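Student: Following this message is one structure expressed as structure tokens.
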Amino acid sequence: MRDPFSASGPVSATERAGTRMRAILPLHGERDCFIVRSVSRKGFNARTWRAVAVAMAGAFLALAPLRAEEAPLYLAVDMRGGREAASWPVERVEAPPSGERWGEDFKTGRLLLRRIEPGTFAMGSPESERGRYKDETLHSVTISRPYFIGVFEVTQRQWELAMGRRTSPAPGDTRPADRVSHAAIRGNRAGAAWPANADVDPGSFLGVLRAKTGLDFDLPTEAQWEYACRAGTATALNSGKDLDDDVSCPALAEIARCPLNTRDGRGGGSQHDTGVGEYLPNAWGLHDMHGNVWEWCLDWYAPHSAGPATDPSGPASGTLRVLRGGSWGFPARDHRSARRHGAPPGYDAYSGYGFRVACPAPPEGAAERGTGP
Ligand SMILES: [Ca+2]
């Protein structure tokens, strides 16, 4: 690690350092990370620093650059060349883009993923959790390797860029790709073999994404999905709140497109999803882990076993593939972090089934580095 960047003062302060103007901003969703944006004669630069000493709330004592193995925080695939492009550039992004509407670009022509660090968490739900189902047996799961996961559900425009058509007649580039089957995402030949291997069909969405980027994109495993959804929480919802009603819960409406917020002015309707990223993200900056559309995971569905597991890949065989997170048409209890749902892998008739992608993190030290502030 480099020497800490010595600075002190309130966050969100703008200061002059030599010839540079420097703005220090809290990184959304991170308690100890800050973005340092600097403007000098050489141009604009932004990178993420981790506070090594935090004094009072809202002030820091020193910042250190993220370790090489921690960077970059984000990875972006530029899909705008469409199917005709020989390849799609993969950019390493060390800080989320700025601007009020920064997300729009990453909901249409570019695909944004957030790095998730390894850790151990309690998967499933305690018996005391309101709205739980019996197949959510609480057990310890370790995620041993870092990975990237989509900040948003894959959208109609992104699907169209890869596949040449949309999945649904519903208008809106930023609406999720719905009515997609597990088989359409991975393929129903090679792509049906998980967990025997991680192959996908060349003509599937993931086959195209892999061919254009050279990276091993896939659906997340069920454990990767729940770990990313919870972002450190053990409550029913990833906002740190529990349900106060099984069907209609205001705490859920803050973070998810669900039946309760059908007419909140964000594009939702009584019979469909809405644009991705319209509701509050979790602590790791991921949107719509609850609600909007259910998200396909890699695993076959089966009841959890009670013992601890490391990087579980699900049962060897089954009839249903797992879906997680609930959707616009389901009651509150079906949006809980621990809720498990399944459907036949070829099922594509429901407008509440979609997905987000995941990707193993590059080897440690392989990440490109930005320059200091
Ligand atoms: Ca979702």
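Chain identifiers are assigned as A, B, and so on, following the order in which chains appear in the structure tokens; residues are numbered from 1 within each chain, and ligands are numbered from 1 in order of appearance.
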Neighbours of ligand 1 at 7 Å or closer, counting only C-alpha atoms and all ligand atoms: which residues, as number ranges by chain?

Tutor: A: 153, 288-295, 325-327

Student: Suppose we keep N, CA and C atoms; can you now write the selection as a CSV table (one decimal), in the first residue's frame?

Tutor:
```csv
chain,number,residue,atom,x,y,z
A,153,GLU,N,-30.2,-4.6,-12.9
A,153,GLU,CA,-30.7,-5.7,-13.7
A,153,GLU,C,-30.3,-5.4,-15.1
A,288,ASP,N,-32.3,-2.6,-7.0
A,288,ASP,CA,-33.3,-3.6,-7.3
A,288,ASP,C,-33.0,-5.0,-7.0
A,289,MET,N,-32.2,-5.2,-6.0
A,289,MET,CA,-32.0,-6.6,-5.5
A,289,MET,C,-33.3,-7.1,-4.9
A,290,HIS,N,-34.1,-6.2,-4.4
A,290,HIS,CA,-35.5,-6.5,-4.0
A,290,HIS,C,-36.4,-5.9,-5.1
A,291,GLY,N,-37.3,-6.7,-5.6
A,291,GLY,CA,-38.3,-6.3,-6.5
A,291,GLY,C,-37.9,-6.0,-7.9
A,292,ASN,N,-38.8,-5.3,-8.6
A,292,ASN,CA,-38.8,-5.0,-10.1
A,292,ASN,C,-38.9,-6.4,-10.8
A,293,VAL,N,-37.8,-7.1,-11.1
A,293,VAL,CA,-38.0,-8.5,-11.6
A,293,VAL,C,-37.2,-9.5,-10.8
A,294,TRP,N,-37.7,-10.7,-10.6
A,294,TRP,CA,-37.0,-11.8,-10.1
A,294,TRP,C,-35.7,-12.0,-10.9
A,295,GLU,N,-34.7,-12.5,-10.2
A,295,GLU,CA,-33.4,-12.6,-10.9
A,295,GLU,C,-32.9,-14.1,-10.9
A,325,GLY,N,-35.3,-12.5,-5.1
A,325,GLY,CA,-35.5,-11.1,-5.0
A,325,GLY,C,-36.9,-10.5,-5.1
A,326,GLY,N,-37.9,-11.3,-5.6
A,326,GLY,CA,-39.2,-10.8,-5.8
A,326,GLY,C,-39.4,-10.0,-7.0
A,327,SER,N,-40.6,-9.6,-7.3
A,327,SER,CA,-40.9,-8.8,-8.5
A,327,SER,C,-42.1,-7.9,-8.2
```

Student: Show me a table, sorted first by chain and then by increasing residue number, of the residues of stretch 133-158 of chain A having an atom at most 9 Å from stretch 112-123 of chain A, each with its shortest atom pair and the distance in Å to one decimal, counting only C-alpha atoms and written as a Markdown table.

Tutor:
```
| residue | atom | partner | partner_atom | distance |
| --- | --- | --- | --- | --- |
| A:Glu136 | CA | A:Met123 | CA | 8.0 |
| A:Thr137 | CA | A:Met123 | CA | 7.8 |
| A:Leu138 | CA | A:Met123 | CA | 5.6 |
| A:His139 | CA | A:Met123 | CA | 5.5 |
| A:Ser140 | CA | A:Ala122 | CA | 4.7 |
| A:Val141 | CA | A:Phe121 | CA | 5.5 |
| A:Thr142 | CA | A:Thr120 | CA | 4.1 |
| A:Ile143 | CA | A:Pro118 | CA | 5.1 |
| A:Ser144 | CA | A:Pro118 | CA | 5.1 |
| A:Arg145 | CA | A:Pro118 | CA | 5.3 |
| A:Pro146 | CA | A:Glu117 | CA | 4.7 |
| A:Tyr147 | CA | A:Ile116 | CA | 5.4 |
| A:Phe148 | CA | A:Arg115 | CA | 4.3 |
| A:Ile149 | CA | A:Leu113 | CA | 4.9 |
| A:Gly150 | CA | A:Leu113 | CA | 4.1 |
| A:Val151 | CA | A:Leu113 | CA | 5.3 |
| A:Phe152 | CA | A:Leu112 | CA | 7.5 |
```

Student: Can you write out the residues you just picked, keeping N, CA and C atoms, as an mmCIF file, in the first residue's frame?

Tutor:
```cif
data_model
loop_
_atom_site.group_PDB
_atom_site.id
_atom_site.type_symbol
_atom_site.label_atom_id
_atom_site.label_comp_id
_atom_site.auth_asym_id
_atom_site.auth_seq_id
_atom_site.Cartn_x
_atom_site.Cartn_y
_atom_site.Cartn_z
ATOM 1 N N GLU A 136 -35.709 -21.877 3.936
ATOM 2 C CA GLU A 136 -34.673 -20.847 4.086
ATOM 3 C C GLU A 136 -33.738 -21.154 5.262
ATOM 4 N N THR A 137 -33.477 -22.418 5.508
ATOM 5 C CA THR A 137 -32.645 -22.858 6.639
ATOM 6 C C THR A 137 -31.372 -22.013 6.762
ATOM 7 N N LEU A 138 -31.215 -21.430 7.934
ATOM 8 C CA LEU A 138 -30.074 -20.538 8.161
ATOM 9 C C LEU A 138 -28.779 -21.351 8.241
ATOM 10 N N HIS A 139 -27.768 -20.961 7.499
ATOM 11 C CA HIS A 139 -26.482 -21.655 7.549
ATOM 12 C C HIS A 139 -25.381 -20.693 7.135
ATOM 13 N N SER A 140 -24.166 -21.010 7.563
ATOM 14 C CA SER A 140 -23.034 -20.126 7.300
ATOM 15 C C SER A 140 -22.448 -20.407 5.919
ATOM 16 N N VAL A 141 -22.265 -19.364 5.154
ATOM 17 C CA VAL A 141 -21.673 -19.509 3.812
ATOM 18 C C VAL A 141 -20.484 -18.565 3.683
ATOM 19 N N THR A 142 -19.400 -19.104 3.173
ATOM 20 C CA THR A 142 -18.215 -18.289 2.895
ATOM 21 C C THR A 142 -18.069 -18.094 1.392
ATOM 22 N N ILE A 143 -17.925 -16.855 1.005
ATOM 23 C CA ILE A 143 -17.582 -16.517 -0.374
ATOM 24 C C ILE A 143 -16.078 -16.260 -0.355
ATOM 25 N N SER A 144 -15.310 -17.117 -1.012
ATOM 26 C CA SER A 144 -13.855 -17.067 -0.824
ATOM 27 C C SER A 144 -13.134 -16.201 -1.846
ATOM 28 N N ARG A 145 -13.822 -15.866 -2.925
ATOM 29 C CA ARG A 145 -13.147 -15.115 -3.992
ATOM 30 C C ARG A 145 -13.938 -13.855 -4.347
ATOM 31 N N PRO A 146 -13.226 -12.757 -4.635
ATOM 32 C CA PRO A 146 -13.944 -11.541 -5.050
ATOM 33 C C PRO A 146 -14.607 -11.739 -6.407
ATOM 34 N N TYR A 147 -15.683 -11.028 -6.621
ATOM 35 C CA TYR A 147 -16.369 -11.098 -7.913
ATOM 36 C C TYR A 147 -17.048 -9.767 -8.195
ATOM 37 N N PHE A 148 -17.436 -9.601 -9.429
ATOM 38 C CA PHE A 148 -18.210 -8.417 -9.812
ATOM 39 C C PHE A 148 -19.653 -8.841 -10.051
ATOM 40 N N ILE A 149 -20.572 -7.940 -9.722
ATOM 41 C CA ILE A 149 -21.986 -8.220 -9.992
ATOM 42 C C ILE A 149 -22.646 -6.943 -10.511
ATOM 43 N N GLY A 150 -23.636 -7.110 -11.370
ATOM 44 C CA GLY A 150 -24.297 -5.965 -11.983
ATOM 45 C C GLY A 150 -24.882 -5.013 -10.954
ATOM 46 N N VAL A 151 -24.642 -3.724 -11.167
ATOM 47 C CA VAL A 151 -25.263 -2.702 -10.314
ATOM 48 C C VAL A 151 -26.770 -2.682 -10.553
ATOM 49 N N PHE A 152 -27.162 -2.962 -11.802
ATOM 50 C CA PHE A 152 -28.575 -2.979 -12.177
ATOM 51 C C PHE A 152 -28.913 -4.339 -12.800
#
```

Student: As a PDB file with C-alpha atoms, in the first residue's frame, please: all residues of stretch 122-221 of chain A that backbone DSSP puts in strand (DSSP E or B).

Tutor:
```pdb
ATOM      1  CA  ALA A 122     -25.549 -16.152   7.384  1.00  0.00           C
ATOM      2  CA  MET A 123     -27.530 -17.360   4.356  1.00  0.00           C
ATOM      3  CA  HIS A 139     -26.482 -21.655   7.549  1.00  0.00           C
ATOM      4  CA  SER A 140     -23.034 -20.126   7.300  1.00  0.00           C
ATOM      5  CA  VAL A 141     -21.673 -19.509   3.812  1.00  0.00           C
ATOM      6  CA  THR A 142     -18.215 -18.289   2.895  1.00  0.00           C
ATOM      7  CA  ILE A 143     -17.582 -16.517  -0.374  1.00  0.00           C
ATOM      8  CA  TYR A 147     -16.369 -11.098  -7.913  1.00  0.00           C
ATOM      9  CA  PHE A 148     -18.210  -8.417  -9.812  1.00  0.00           C
ATOM     10  CA  ILE A 149     -21.986  -8.220  -9.992  1.00  0.00           C
ATOM     11  CA  GLY A 150     -24.297  -5.965 -11.983  1.00  0.00           C
ATOM     12  CA  THR A 155     -32.043  -3.932 -19.386  1.00  0.00           C
ATOM     13  CA  PRO A 176     -35.310  -4.824 -17.313  1.00  0.00           C
ATOM     14  CA  ASP A 218     -22.201 -15.689 -15.871  1.00  0.00           C
TER      15      ASP A 218
END
```

Student: Mind listing the alpha helix (DSSP H) residues of stretch 120-335 of chain A, per DSSP on the backbone, as a JSON list (two decimals) with C-alpha atoms, in the first residue's frame?

Tutor:
```
[["chain", "number", "residue", "atom", "x", "y", "z"],
["A", 156, "GLN", "CA", -34.02, -4.18, -22.61],
["A", 157, "ARG", "CA", -31.48, -2.05, -24.48],
["A", 158, "GLN", "CA", -28.55, -4.14, -23.25],
["A", 159, "TRP", "CA", -30.31, -7.33, -24.28],
["A", 160, "GLU", "CA", -31.06, -5.85, -27.69],
["A", 161, "LEU", "CA", -27.40, -4.88, -28.23],
["A", 162, "ALA", "CA", -26.34, -8.46, -27.57],
["A", 163, "MET", "CA", -29.21, -10.38, -29.14],
["A", 182, "HIS", "CA", -32.46, -19.34, -17.86],
["A", 183, "ALA", "CA", -31.94, -21.15, -21.18],
["A", 184, "ALA", "CA", -31.97, -17.92, -23.20],
["A", 185, "ILE", "CA", -29.41, -16.35, -20.87],
["A", 186, "ARG", "CA", -27.01, -19.36, -20.80],
["A", 205, "PHE", "CA", -26.76, -13.75, -24.05],
["A", 206, "LEU", "CA", -23.80, -14.85, -21.94],
["A", 207, "GLY", "CA", -22.19, -16.55, -24.94],
["A", 208, "VAL", "CA", -22.22, -13.24, -26.79],
["A", 209, "LEU", "CA", -21.04, -11.28, -23.75],
["A", 210, "ARG", "CA", -18.15, -13.69, -23.20],
["A", 211, "ALA", "CA", -17.13, -13.65, -26.87],
["A", 212, "LYS", "CA", -17.12, -9.85, -27.07],
["A", 213, "THR", "CA", -15.19, -9.29, -23.82],
["A", 222, "GLU", "CA", -27.54, -18.25, -5.41],
["A", 223, "ALA", "CA", -25.04, -17.66, -2.59],
["A", 224, "GLN", "CA", -23.28, -14.87, -4.50],
["A", 225, "TRP", "CA", -26.67, -13.29, -5.13],
["A", 226, "GLU", "CA", -27.77, -13.35, -1.48],
["A", 227, "TYR", "CA", -24.37, -12.19, -0.21],
["A", 228, "ALA", "CA", -24.48, -9.21, -2.59],
["A", 229, "CYS", "CA", -28.13, -8.51, -1.81],
["A", 230, "ARG", "CA", -27.59, -8.45, 1.96],
["A", 250, "PRO", "CA", -43.81, 0.62, 3.40],
["A", 251, "ALA", "CA", -40.17, -0.29, 4.20],
["A", 252, "LEU", "CA", -40.07, -2.36, 1.03],
["A", 253, "ALA", "CA", -41.55, 0.41, -1.10]]
```

Student: Excluding same-chain residues fewer than 5 positions from A:Arg132, what lies within 8 Å of it counting only C-alpha atoms, as a PyMOL selection string?

Tutor: chain A and resi 125+127+333+338-339

Student: What separation in Å, quoted to one decimal, exists between atom CA of A:Arg179 and atom CA of A:Gly265?

Tutor: 23.9 Å

Student: At a cut-off of 12 Å, using only C-alpha atoms, what residues contact A:Gly346? Leave out same-chain residues fewer than 4 positions from it and give the result as a ChimeraX atom specification.

Tutor: /A:179-189,191-192,296,319-321,342,350,353

Student: Can you tell me how far atom CA of A:Val200 sits from atom CA of A:Arg83, in Å to one decimal?

Tutor: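 Going from atom CA of A:Val200 over to atom CA of A:Arg83, I get 17.7 Å.
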
Student: How many Å lie between atom CA of A:Gly232 and atom CA of A:Gly285, rounded to one decimal?

Tutor: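 Computing the Euclidean distance for atom CA of A:Gly232 and atom CA of A:Gly285 yields 12.3 Å.
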